[in-house]
Every structure is written in structure tokens, then in C-alpha cells.
>>> print(open('model_8.txt').read())   # compact mmCIF, C-alpha atoms and all ligand atoms
# COMPACT_ATOMS: atom_id res chain seq x y z
CA MET A 1 -34.33 -9.39 -11.74
CA THR A 2 -31.55 -11.56 -13.15
CA LEU A 3 -28.32 -12.32 -11.44
CA THR A 4 -25.26 -12.47 -13.65
CA ARG A 5 -22.98 -15.49 -13.55
CA ARG A 6 -20.58 -13.36 -11.53
CA ASP A 7 -23.25 -12.59 -8.91
CA VAL A 8 -24.14 -16.24 -8.61
CA LEU A 9 -20.51 -17.13 -8.11
CA LYS A 10 -20.13 -14.44 -5.49
CA GLY A 11 -23.21 -15.77 -3.76
CA ALA A 12 -21.78 -19.27 -3.69
CA GLY A 13 -19.88 -18.27 -0.60
CA ALA A 14 -23.06 -17.80 1.46
CA SER A 15 -22.28 -20.69 3.76
CA LEU A 16 -18.62 -20.82 4.45
CA ALA A 17 -16.48 -23.82 5.14
CA LEU A 18 -13.25 -22.48 6.56
CA GLY A 19 -10.23 -24.52 7.40
CA ALA A 20 -7.33 -23.47 9.58
CA ALA A 21 -5.12 -23.49 6.49
CA GLY A 22 -7.06 -20.62 4.94
CA CYS A 23 -10.25 -20.15 3.03
CA GLY A 24 -10.96 -20.45 -0.65
CA ILE A 25 -14.57 -19.41 -0.72
CA PHE A 26 -15.30 -16.56 -2.99
CA GLY A 27 -15.60 -18.20 -6.40
CA GLY A 28 -15.34 -16.41 -9.72
CA GLY A 29 -11.85 -17.83 -10.17
CA GLU A 30 -10.62 -15.69 -7.28
CA SER A 31 -9.93 -17.05 -3.87
CA LYS A 32 -8.95 -15.68 -0.50
CA ASP A 33 -5.85 -17.00 1.18
CA LEU A 34 -6.57 -15.85 4.71
CA VAL A 35 -6.38 -17.13 8.26
CA PRO A 36 -9.85 -17.00 9.85
CA ARG A 37 -10.07 -15.26 13.23
CA GLN A 38 -13.82 -15.79 13.47
CA THR A 39 -16.21 -17.59 11.12
CA MET A 40 -19.66 -16.26 12.09
CA PRO A 41 -19.46 -13.43 11.16
CA LEU A 42 -16.43 -13.89 8.93
CA ASN A 43 -13.22 -12.16 9.98
CA ALA A 44 -9.95 -13.21 8.38
CA GLU A 45 -6.47 -11.81 7.77
CA PRO A 46 -3.47 -12.81 5.65
CA ARG A 47 -0.21 -14.35 6.82
CA LEU A 48 2.04 -11.39 7.56
CA ASP A 49 4.97 -12.48 5.40
CA GLU A 50 2.61 -12.85 2.43
CA LEU A 51 0.94 -9.50 3.14
CA VAL A 52 4.12 -7.54 2.46
CA GLU A 53 5.02 -9.22 -0.83
CA SER A 54 3.60 -6.24 -2.74
CA TRP A 55 2.65 -2.63 -2.05
CA SER A 56 -0.76 -3.12 -3.65
CA THR A 57 -2.44 -5.92 -1.70
CA PRO A 58 -3.66 -8.71 -4.00
CA TYR A 59 -7.30 -9.71 -3.65
CA SER A 60 -6.30 -13.05 -2.12
CA GLN A 61 -4.45 -11.27 0.71
CA PHE A 62 -6.92 -8.47 1.51
CA PHE A 63 -8.40 -8.93 4.99
CA VAL A 64 -12.15 -9.22 5.49
CA ARG A 65 -13.96 -7.64 8.43
CA THR A 66 -17.68 -8.19 8.90
CA HIS A 67 -19.97 -7.56 11.88
CA GLY A 68 -23.07 -9.33 10.62
CA THR A 69 -24.49 -10.81 7.46
CA MET A 70 -22.62 -10.57 4.16
CA PRO A 71 -25.43 -9.43 1.85
CA ILE A 72 -25.75 -10.53 -1.75
CA VAL A 73 -27.01 -7.33 -3.34
CA PRO A 74 -28.77 -7.61 -6.73
CA PRO A 75 -27.20 -4.80 -8.77
CA ALA A 76 -30.19 -4.18 -11.04
CA THR A 77 -32.60 -3.24 -8.28
CA TRP A 78 -30.10 -1.71 -5.85
CA ARG A 79 -30.56 1.99 -5.10
CA LEU A 80 -28.51 4.38 -3.01
CA ARG A 81 -30.93 6.72 -1.31
CA VAL A 82 -29.61 10.14 -0.26
CA GLU A 83 -31.86 12.15 2.02
CA GLY A 84 -31.99 14.47 5.03
CA LEU A 85 -30.83 18.09 4.77
CA VAL A 86 -30.83 18.09 0.97
CA THR A 87 -32.77 20.04 -1.65
CA ARG A 88 -33.45 16.96 -3.78
CA THR A 89 -33.87 13.56 -2.07
CA THR A 90 -32.41 11.19 -4.67
CA SER A 91 -32.18 7.45 -5.31
CA PHE A 92 -29.11 6.63 -7.41
CA SER A 93 -29.01 3.39 -9.38
CA LEU A 94 -25.71 1.65 -9.96
CA GLN A 95 -25.84 2.87 -13.54
CA ASP A 96 -26.37 6.46 -12.37
CA LEU A 97 -23.19 6.22 -10.31
CA GLN A 98 -21.25 4.48 -13.09
CA ARG A 99 -22.12 7.35 -15.46
CA MET A 100 -20.87 10.06 -13.12
CA PRO A 101 -17.29 11.41 -13.30
CA SER A 102 -15.04 8.93 -11.52
CA VAL A 103 -11.78 9.17 -9.61
CA ALA A 104 -9.22 6.55 -8.62
CA VAL A 105 -7.84 6.81 -5.10
CA PRO A 106 -5.10 4.55 -3.73
CA ALA A 107 -5.71 4.02 -0.03
CA THR A 108 -4.69 1.76 2.81
CA ILE A 109 -7.57 0.53 4.94
CA GLN A 110 -6.68 -0.51 8.46
CA CYS A 111 -9.10 -1.88 11.03
CA ALA A 112 -9.13 0.00 14.36
CA GLY A 113 -8.65 -3.44 15.94
CA ASN A 114 -5.49 -4.26 13.99
CA ARG A 115 -2.89 -5.73 16.44
CA ARG A 116 -5.56 -6.20 19.12
CA GLU A 117 -3.96 -9.52 20.07
CA GLU A 118 -0.99 -7.63 21.50
CA MET A 119 -3.19 -5.37 23.63
CA ASN A 120 -5.07 -8.47 24.79
CA LEU A 121 -1.80 -9.85 26.22
CA VAL A 122 -1.52 -6.80 28.47
CA LYS A 123 -5.05 -7.35 29.82
CA PRO A 124 -8.01 -9.03 28.08
CA VAL A 125 -10.04 -6.86 25.69
CA THR A 126 -13.25 -7.45 23.72
CA GLY A 127 -13.36 -7.93 19.94
CA VAL A 128 -11.74 -9.98 17.18
CA LEU A 129 -8.18 -10.90 18.15
CA TRP A 130 -6.32 -9.65 15.09
CA ASP A 131 -2.62 -10.10 14.56
CA ALA A 132 -1.08 -7.28 12.46
CA GLY A 133 -2.80 -8.28 9.18
CA ALA A 134 -6.08 -6.32 9.41
CA ILE A 135 -4.69 -3.84 6.88
CA GLY A 136 -4.43 -3.69 3.10
CA THR A 137 -3.88 -1.29 0.22
CA ALA A 138 -5.87 -1.04 -3.01
CA GLU A 139 -6.79 1.44 -5.69
CA TRP A 140 -10.41 2.34 -5.15
CA LYS A 141 -12.41 3.86 -7.98
CA GLY A 142 -15.74 5.58 -7.78
CA VAL A 143 -17.53 8.86 -7.32
CA LYS A 144 -16.45 11.65 -5.02
CA LEU A 145 -18.85 11.97 -2.11
CA SER A 146 -18.69 15.76 -2.62
CA GLU A 147 -20.08 15.21 -6.15
CA ILE A 148 -23.07 13.32 -4.71
CA LEU A 149 -23.62 15.99 -2.08
CA ASN A 150 -23.60 18.65 -4.81
CA ARG A 151 -26.13 16.74 -6.92
CA VAL A 152 -28.59 16.37 -4.06
CA GLY A 153 -28.03 19.94 -2.92
CA ALA A 154 -26.74 19.47 0.63
CA LYS A 155 -28.00 22.40 2.70
CA PRO A 156 -25.66 24.87 4.45
CA SER A 157 -26.93 23.62 7.83
CA ALA A 158 -25.40 20.16 7.10
CA LYS A 159 -22.73 19.20 9.66
CA TYR A 160 -22.53 15.40 9.34
CA VAL A 161 -23.10 12.78 6.69
CA TRP A 162 -24.37 9.39 7.91
CA PHE A 163 -23.94 6.11 6.07
CA GLU A 164 -25.92 2.91 6.46
CA GLY A 165 -25.00 -0.56 5.21
CA LEU A 166 -27.45 -3.24 4.10
CA ASP A 167 -26.00 -5.89 6.41
CA ALA A 168 -27.90 -6.94 9.54
CA VAL A 169 -25.86 -7.04 12.73
CA THR A 170 -27.01 -8.96 15.81
CA LEU A 171 -26.24 -7.11 19.05
CA LYS A 172 -26.86 -8.50 22.55
CA ASP A 173 -30.40 -7.18 22.75
CA ARG A 174 -31.43 -6.33 19.18
CA GLN A 175 -30.65 -6.32 15.48
CA THR A 176 -29.29 -3.23 13.79
CA LEU A 177 -27.62 -2.02 10.62
CA PHE A 178 -23.92 -1.23 10.36
CA GLY A 179 -23.33 2.49 9.96
CA GLY A 180 -20.85 5.30 10.08
CA HIS A 181 -20.70 9.07 9.91
CA LEU A 182 -18.29 11.78 8.79
CA SER A 183 -18.05 15.46 9.55
CA ILE A 184 -19.01 17.53 6.52
CA ALA A 185 -15.33 18.59 6.35
CA LYS A 186 -14.06 15.01 5.85
CA ALA A 187 -17.07 14.09 3.68
CA THR A 188 -16.17 16.82 1.19
CA GLN A 189 -12.42 16.10 0.98
CA ALA A 190 -11.30 15.01 -2.49
CA GLU A 191 -10.09 11.61 -1.18
CA THR A 192 -13.45 10.60 0.28
CA ILE A 193 -15.33 8.52 -2.28
CA ILE A 194 -18.12 6.09 -2.90
CA ALA A 195 -16.14 3.24 -4.42
CA LEU A 196 -17.58 0.89 -7.02
CA GLU A 197 -14.28 -0.76 -7.94
CA MET A 198 -11.27 -2.20 -6.16
CA ASP A 199 -8.11 -2.59 -8.24
CA GLY A 200 -9.92 -2.19 -11.56
CA ARG A 201 -12.74 -4.66 -10.93
CA PRO A 202 -16.21 -4.27 -9.44
CA LEU A 203 -16.16 -4.65 -5.65
CA THR A 204 -16.57 -8.25 -4.64
CA ARG A 205 -19.29 -9.33 -2.28
CA GLU A 206 -17.22 -9.41 0.92
CA HIS A 207 -15.69 -5.98 0.22
CA GLY A 208 -19.09 -4.32 -0.13
CA PHE A 209 -20.56 -4.87 -3.62
CA PRO A 210 -22.00 -2.83 -5.22
CA ALA A 211 -20.80 0.33 -3.40
CA ARG A 212 -18.93 1.31 -0.24
CA THR A 213 -17.45 4.47 1.13
CA VAL A 214 -13.66 4.68 1.17
CA VAL A 215 -12.41 7.21 3.71
CA PRO A 216 -8.60 7.38 3.44
CA GLY A 217 -6.84 8.15 6.72
CA PHE A 218 -9.79 7.05 8.88
CA ILE A 219 -10.18 3.71 10.66
CA GLY A 220 -11.62 0.96 8.45
CA ALA A 221 -14.99 1.07 10.19
CA ARG A 222 -15.73 4.40 8.51
CA SER A 223 -15.50 2.83 5.05
CA VAL A 224 -19.06 1.47 5.06
CA LYS A 225 -19.72 -1.52 2.79
CA TRP A 226 -22.96 -2.53 1.02
CA LEU A 227 -24.04 1.08 1.18
CA GLY A 228 -27.82 1.50 1.20
CA ARG A 229 -28.55 4.95 2.54
CA ILE A 230 -26.88 8.30 3.12
CA VAL A 231 -28.41 10.90 5.41
CA VAL A 232 -27.21 14.49 5.52
CA SER A 233 -27.76 15.88 9.01
CA ASP A 234 -27.01 18.72 11.41
CA HIS A 235 -26.14 16.26 14.20
CA LYS A 236 -24.18 13.09 14.86
CA SER A 237 -25.42 9.67 13.81
CA ASP A 238 -26.95 7.56 16.56
CA ASN A 239 -25.98 4.34 14.79
CA PHE A 240 -24.52 1.86 17.30
CA PHE A 241 -21.13 1.81 15.53
CA VAL A 242 -20.79 5.60 15.81
CA ALA A 243 -22.59 6.40 19.06
CA ARG A 244 -21.47 3.43 21.19
CA ASP A 245 -18.81 1.33 19.48
CA TYR A 246 -15.50 2.48 17.92
CA LYS A 247 -14.71 4.80 20.80
CA LEU A 248 -11.38 5.02 22.60
CA PHE A 249 -12.05 4.72 26.32
CA PRO A 250 -9.41 5.62 28.94
CA PRO A 251 -7.44 2.70 30.49
CA ASP A 252 -9.38 2.78 33.78
CA VAL A 253 -12.75 2.32 32.05
CA SER A 254 -14.29 -1.15 31.65
CA ALA A 255 -17.30 -2.45 29.73
CA GLU A 256 -19.34 -2.08 32.95
CA THR A 257 -18.27 1.48 33.78
CA SER A 258 -18.08 2.95 30.27
CA ASN A 259 -20.33 5.80 29.24
CA PRO A 260 -20.13 6.17 25.45
CA LYS A 261 -21.53 9.72 25.68
CA ASP A 262 -18.28 10.85 27.35
CA VAL A 263 -16.14 9.95 24.35
CA GLU A 264 -16.02 11.03 20.69
CA PRO A 265 -16.09 8.42 17.88
CA ILE A 266 -12.64 7.41 16.58
CA THR A 267 -11.75 9.05 13.28
CA GLU A 268 -8.09 8.97 12.09
CA ASN A 269 -5.64 6.09 12.13
CA LEU A 270 -2.52 6.50 14.24
CA LEU A 271 1.07 6.11 13.03
CA ASN A 272 1.78 2.37 12.99
CA SER A 273 4.26 -0.24 11.81
CA ALA A 274 4.80 -3.98 11.99
CA ILE A 275 7.44 -6.62 11.36
CA CYS A 276 5.94 -9.18 9.00
CA ASP A 277 9.00 -11.32 8.26
CA PRO A 278 10.43 -13.11 10.19
CA ARG A 279 7.32 -14.19 12.03
CA ALA A 280 6.91 -14.62 15.78
CA GLY A 281 8.39 -17.86 17.05
CA GLN A 282 10.51 -18.48 13.96
CA ALA A 283 14.02 -19.94 14.22
CA VAL A 284 16.66 -18.18 12.08
CA GLY A 285 20.38 -18.60 11.56
CA ALA A 286 22.97 -16.30 13.17
CA GLY A 287 24.51 -13.53 11.06
CA LYS A 288 22.76 -11.17 8.68
CA LEU A 289 18.98 -11.26 9.03
CA LYS A 290 16.59 -9.55 6.61
CA LEU A 291 13.47 -8.03 8.14
CA ARG A 292 10.40 -6.90 6.19
CA GLY A 293 7.23 -5.15 7.16
CA TYR A 294 4.90 -2.21 6.66
CA ALA A 295 4.45 1.27 8.12
CA LEU A 296 1.34 3.46 8.02
CA PRO A 297 1.38 7.26 8.42
CA PRO A 298 -1.16 8.85 10.76
CA GLY A 299 -4.42 9.77 8.99
CA ILE A 300 -3.65 13.48 9.11
CA PRO A 301 -3.59 15.37 5.78
CA GLY A 302 -0.07 16.21 4.66
CA VAL A 303 1.69 13.95 7.16
CA GLY A 304 3.76 11.08 5.74
CA LEU A 305 6.40 8.65 6.95
CA SER A 306 9.90 9.91 7.52
CA SER A 307 11.68 6.83 8.89
CA VAL A 308 11.34 3.28 10.10
CA GLU A 309 13.86 1.80 12.53
CA VAL A 310 14.42 -1.75 13.72
CA SER A 311 16.21 -3.23 16.69
CA ALA A 312 17.36 -6.73 17.67
CA ASP A 313 18.02 -5.87 21.30
CA GLY A 314 14.58 -4.79 22.44
CA GLY A 315 15.09 -1.14 21.48
CA GLY A 316 18.60 -0.53 22.86
CA THR A 317 20.11 0.19 19.45
CA TRP A 318 18.28 1.02 16.24
CA THR A 319 19.03 0.53 12.53
CA SER A 320 17.29 2.43 9.71
CA ALA A 321 15.09 0.48 7.31
CA SER A 322 14.65 1.41 3.67
CA LEU A 323 11.16 2.32 2.57
CA ARG A 324 9.56 1.40 -0.73
CA GLY A 325 6.23 1.74 -2.48
CA LYS A 326 4.20 4.61 -3.87
CA ASP A 327 4.37 7.94 -2.12
CA ALA A 328 0.60 8.38 -1.87
CA PRO A 329 -1.32 10.18 0.88
CA PHE A 330 -2.88 7.93 3.55
CA CYS A 331 -1.05 4.90 2.16
CA TRP A 332 1.35 2.53 3.79
CA LYS A 333 4.95 1.94 2.78
CA LEU A 334 6.72 -1.38 2.83
CA TRP A 335 10.13 -1.48 4.45
CA SER A 336 13.11 -3.81 4.69
CA ALA A 337 16.22 -3.80 6.85
CA GLU A 338 19.17 -5.99 7.68
CA LEU A 339 20.37 -6.74 11.21
CA ASP A 340 23.23 -8.78 12.61
CA VAL A 341 21.86 -11.33 15.03
CA THR A 342 23.72 -13.58 17.49
CA PRO A 343 22.51 -16.93 18.87
CA GLY A 344 19.90 -16.96 21.62
CA PRO A 345 16.32 -15.84 22.14
CA ARG A 346 15.95 -12.38 20.60
CA THR A 347 13.19 -9.82 20.30
CA LEU A 348 12.96 -7.84 17.06
CA VAL A 349 11.35 -4.42 17.39
CA VAL A 350 10.14 -1.80 14.90
CA ARG A 351 9.04 1.81 15.25
CA ALA A 352 8.14 4.47 12.68
CA THR A 353 8.48 8.26 12.73
CA ASP A 354 6.29 10.63 10.73
CA THR A 355 7.17 13.84 8.86
CA LYS A 356 5.92 15.96 11.78
CA GLY A 357 8.35 14.19 14.14
CA GLY A 358 5.69 12.04 15.78
CA THR A 359 6.81 8.53 16.77
CA GLN A 360 5.10 5.38 17.97
CA PRO A 361 4.96 4.94 21.75
CA GLU A 362 6.85 2.00 23.25
CA ARG A 363 3.49 0.81 24.58
CA ALA A 364 0.09 2.15 23.55
CA PRO A 365 -2.58 2.82 26.18
CA TRP A 366 -4.75 -0.18 26.98
CA ASN A 367 -8.47 0.29 26.32
CA PHE A 368 -11.11 -2.35 26.92
CA LYS A 369 -12.24 -2.47 23.29
CA GLY A 370 -8.68 -2.99 22.08
CA TYR A 371 -8.54 -0.16 19.53
CA LEU A 372 -5.62 1.64 17.90
CA TYR A 373 -2.77 -0.47 19.23
CA ASN A 374 0.36 1.18 17.85
CA GLY A 375 3.06 0.40 20.40
CA TRP A 376 6.44 -0.79 19.08
CA HIS A 377 5.81 -4.10 17.34
CA ARG A 378 7.87 -6.85 19.00
CA VAL A 379 8.58 -10.21 17.41
CA PRO A 380 10.27 -12.91 19.50
CA ILE A 381 12.52 -15.24 17.50
CA THR A 382 15.21 -17.83 18.22
CA VAL A 383 18.60 -17.34 16.61
CA THR A 384 20.55 -20.60 16.24
N1 LIG B 1 -21.64 -2.45 6.11
C1 LIG B 1 -20.49 -2.72 6.74
N2 LIG B 1 -19.40 -1.98 6.45
C2 LIG B 1 -18.23 -2.23 7.06
C3 LIG B 1 -18.13 -3.23 8.07
C4 LIG B 1 -19.28 -4.00 8.36
O1 LIG B 1 -19.27 -4.92 9.18
N3 LIG B 1 -20.44 -3.71 7.66
N4 LIG B 1 -16.92 -3.39 8.72
C5 LIG B 1 -16.05 -2.21 8.74
C6 LIG B 1 -14.74 -2.44 9.30
S1 LIG B 1 -14.65 -2.48 10.98
C7 LIG B 1 -13.62 -2.49 8.52
S2 LIG B 1 -12.09 -2.60 9.23
C8 LIG B 1 -13.71 -2.46 7.04
C9 LIG B 1 -13.00 -3.65 6.44
O2 LIG B 1 -13.09 -3.63 5.06
P1 LIG B 1 -12.80 -4.96 4.22
O3 LIG B 1 -13.61 -6.08 4.80
O4 LIG B 1 -13.16 -4.63 2.82
O5 LIG B 1 -11.33 -5.27 4.37
O6 LIG B 1 -15.03 -2.43 6.59
C10 LIG B 1 -15.90 -1.60 7.36
N5 LIG B 1 -17.17 -1.47 6.72
MO MO B 2 -12.49 -2.48 11.62
>>> encode(input="model_8.txt", output="C-alpha cells")
Amino acid sequence: MTLTRRDVLKGAGASLALGAAGCGIFGGGESKDLVPRQTMPLNAEPRLDELVESWSTPYSQFFVRTHGTMPIVPPATWRLRVEGLVTRTTSFSLQDLQRMPSVAVPATIQCAGNRREEMNLVKPVTGVLWDAGAIGTAEWKGVKLSEILNRVGAKPSAKYVWFEGLDAVTLKDRQTLFGGHLSIAKATQAETIIALEMDGRPLTREHGFPARTVVPGFIGARSVKWLGRIVVSDHKSDNFFVARDYKLFPPDVSAETSNPKDVEPITENLLNSAICDPRAGQAVGAGKLKLRGYALPPGIPGVGLSSVEVSADGGGTWTSASLRGKDAPFCWKLWSAELDVTPGPRTLVVRATDTKGGTQPERAPWNFKGYLYNGWHRVPITVT
């Protein structure tokens, strides 16, 4: 097996030296400009004001979320095995997938832990303490999962499709593989794909080379990177990240009292929005102030964004923001607004409303894992 120059460059990031100023680690002429939240495993997000410079998130600004190792997968020998309730168990090579009909799907991926830092201020939670930057938008290109399921002959008794990554994750008591699952209904939607490319180039190592699922509308954890195996089944996956993690426990449940069997795995994203500019703690001049940020529709088919509103008095009075960016399903929109601000400590607030009339709650329910925080985003600033 020979590694191409590109693979070697990708692999050069195997041991990471991260500085607080960001990390330029991924070689190949590309670099990430992210703020690390954790280095082993690597978890890093962009500066918020840089994140909303463009609707399509540049490579350098796309957050990275890993739970374990970041495998260097040799493309020539890699196979995607599809088995379980299928007529023909099949191993697809990368070339097999590249030769199949392909589709391009723009999609925003948001981590279920995005904005966890805010929930942590209410009461401590477990997990990576993300600001509001664990989100990004790209055009993903690859093969429809439904096409793969047709080729292998998924049986009528199939109810779930399980996915397994090639990365090794160290849990408290054992090692495991990262995994996900989808109902057969979501697995066969046109938007659900096995992506080989991100913004017109092969996936890079940290985003799942050579293949990952992209599941628009669902939390990022369901878009499994470094895909190694797909199992078609009549029951739910027992992978740790489906059966135990990525569940939304009620506020009165703690790590000690939780029973994962009581709760379903998280699927869709919730309606969300954030102020990305100005940034928390910034000092700005009195008068007209421009605000910029993003808003994400809930991951429900056919539901988009209808409005974004901002406030400089903690939610007493609201001003409409203007939305921009592609009108694509399951994708964010960028927004901007102008507010008059007077001297003193001020709290900027944003909330979004969707096309079904749903709005963000002033505060989202606390849960010990810190998932799905979508309360009004508040940014304290000083006006001078
Ligand atoms: N194999 C594998 N897939 C994975 C993960 C992982 O740790 N291992 N993390 C998931 C989570 S929680 C998120 S939010 C997204 C992040 O995708 P990105 O790193 O490409 O931004 O990948 C998902 N897919
Ligand atoms: Mo995530």
C-alpha cells in the first residue's frame, strides 16, 4: 500500500502541538484557525466573529469534534462493509463509491454540545465546554445512503441502520468504537448521504477521510466519521454513543441517578441562534451598533427560519435582524442587525422564530450532559 503525498501530509498532524492562539496542524497547505477546547482528544472551535464571515464555512474555520483517536485511513485498502439484514453483504472500496451516482448536499452540522458553556454556568455539566462555535456549514458530496441500501438489498424487516467509525474511544472502563444509528425512515431520506467530499475536495483526516455519514437536521454525533461498517438491523444499536450517551435527561437526573434505558437517543437539532459579533466582554462605542450572528432552523423537514430578533435591554424590546445566505433545508442563515446602544453595561440578546411559529425558550432546560442548549443567547458588553 502506498500513501499519497496528501495522505502523508494529513498524517503529519498525528501529534498535535496546539497553542492558545489557534492551531495550524493539518498540513497540505491548509490550516485550521481554531481555539482548542481540549487537546487529547482534539476538540476545537473558531472565533465567533470569524465564523460568520461567510455562509459556507471555510475549512480553516470548521470546528473539529473527536472522542478518541483520529485515524489515518489508507484509501487503497479501506473497505466499507455493509451487512446485517441485507440480501448481499458487500464490501465497497473507495473506488466503488466514487463510481456510483453522486449528490451534493449543503448542510449545517451542529454538535449537540454547542453552547454547553452557557448551560454549565447554570449548574456544572459534563463534556467539552463549547462556546457557540461548534457549528459549521459545507457542501457535502457523496452517495445517497438509500442507494447503498438498494445495492445490498436491505430486507423489509430492516428498522434501523447502524454506523461504526474506525476510531478507538477510551471510556472509563473499556475501549470502544464511535457509532451511530438512524431509523430506516431517516436513513432513506434523500438528504442522508455517505460523504466523500467537503466543499469540492476529498474529506480531510479530521473530518472523517475517506467517508462519513452526513445526516442533515440531526445532531453532529449522527454524522459518523471514518466510516468502517454499516449494519442493517431490526433493532436499535447498542453502541455506547447511541445506547448511553447523546441522550437528553430531565433536569432532576444526575450522572449517578441516570438510567439511559429510560430515554431515547437524541435525533434532530433544535431551533438555535447566536450573536457572534460583538463578542462577550467587548467594549463598544455608544450609538449605532452592528450585530452579526447565525440562526439554525430545527431539524424538522420543511421547517425553516422566519425571523431573528435582537435586543439590547435583556429582551424588553426587540428589533428584527435581516437574514442572508442560501435558502437550503437544514442549513443555517447568517443575520445582521443594528441597535442603538447607550453607555453602561449592556446585555445583547438574540432569539429566532421558525416557519411553524416555534421560538427559542428564554432558558433551555438544564441536563447533566449539557446537550441542546438553545436558550436566548446573551452577550454582555460595555458601551462607552
Ligand atoms: N467516528 C467518529 N465520528 C464522529 C465523531 C467521533 O468522535 N468519531 N464525533 C461526532 C460529533 S459529536 C460531531 S459534532 C461531528 C463533528 O464533525 P466535524 O469534526 O467534522 O466538525 O462528528 C461526529 N462524528
Ligand atoms: Mo457533537
>>> residues_near_ligand(input="model_8.txt", ligand="ligand LIG 1 (chain B)", cutoff="7 Å", atoms="all atoms listed in the file", output="list in words")
Phe62, Phe63, Val64, Arg65, Thr66, His67, Gly68, Ile109, Gln110, Cys111, Ala112, Glu164, Gly165, Leu166, Asp167, Phe178, Gly179, Glu206, His207, Gly208, Ile219, Gly220, Ala221, Arg222, Ser223, Val224, Lys225, Trp226 and Leu227 of chain A
>>> residues_around(input="model_8.txt", residues="Thr126 in chain A", least_positions_apart="5", cutoff="12 Å", atoms="all atoms listed in the file", output="count of residues only")
16
>>> atom_distance(input="model_8.txt", atom1="CA of Tyr160 in chain A", atom2="CA of Asp262 in chain A")
19.1 Å
>>> atom_distance(input="model_8.txt", atom1="CA of Ser56 in chain A", atom2="CA of Lys333 in chain A")
10.0 Å
>>> residues_around(input="model_8.txt", residues="Gln189 in chain A", least_positions_apart="5", cutoff="10 Å", atoms="all atoms listed in the file", output="PyMOL selection string")
chain A and resi 144-146+184+215-216
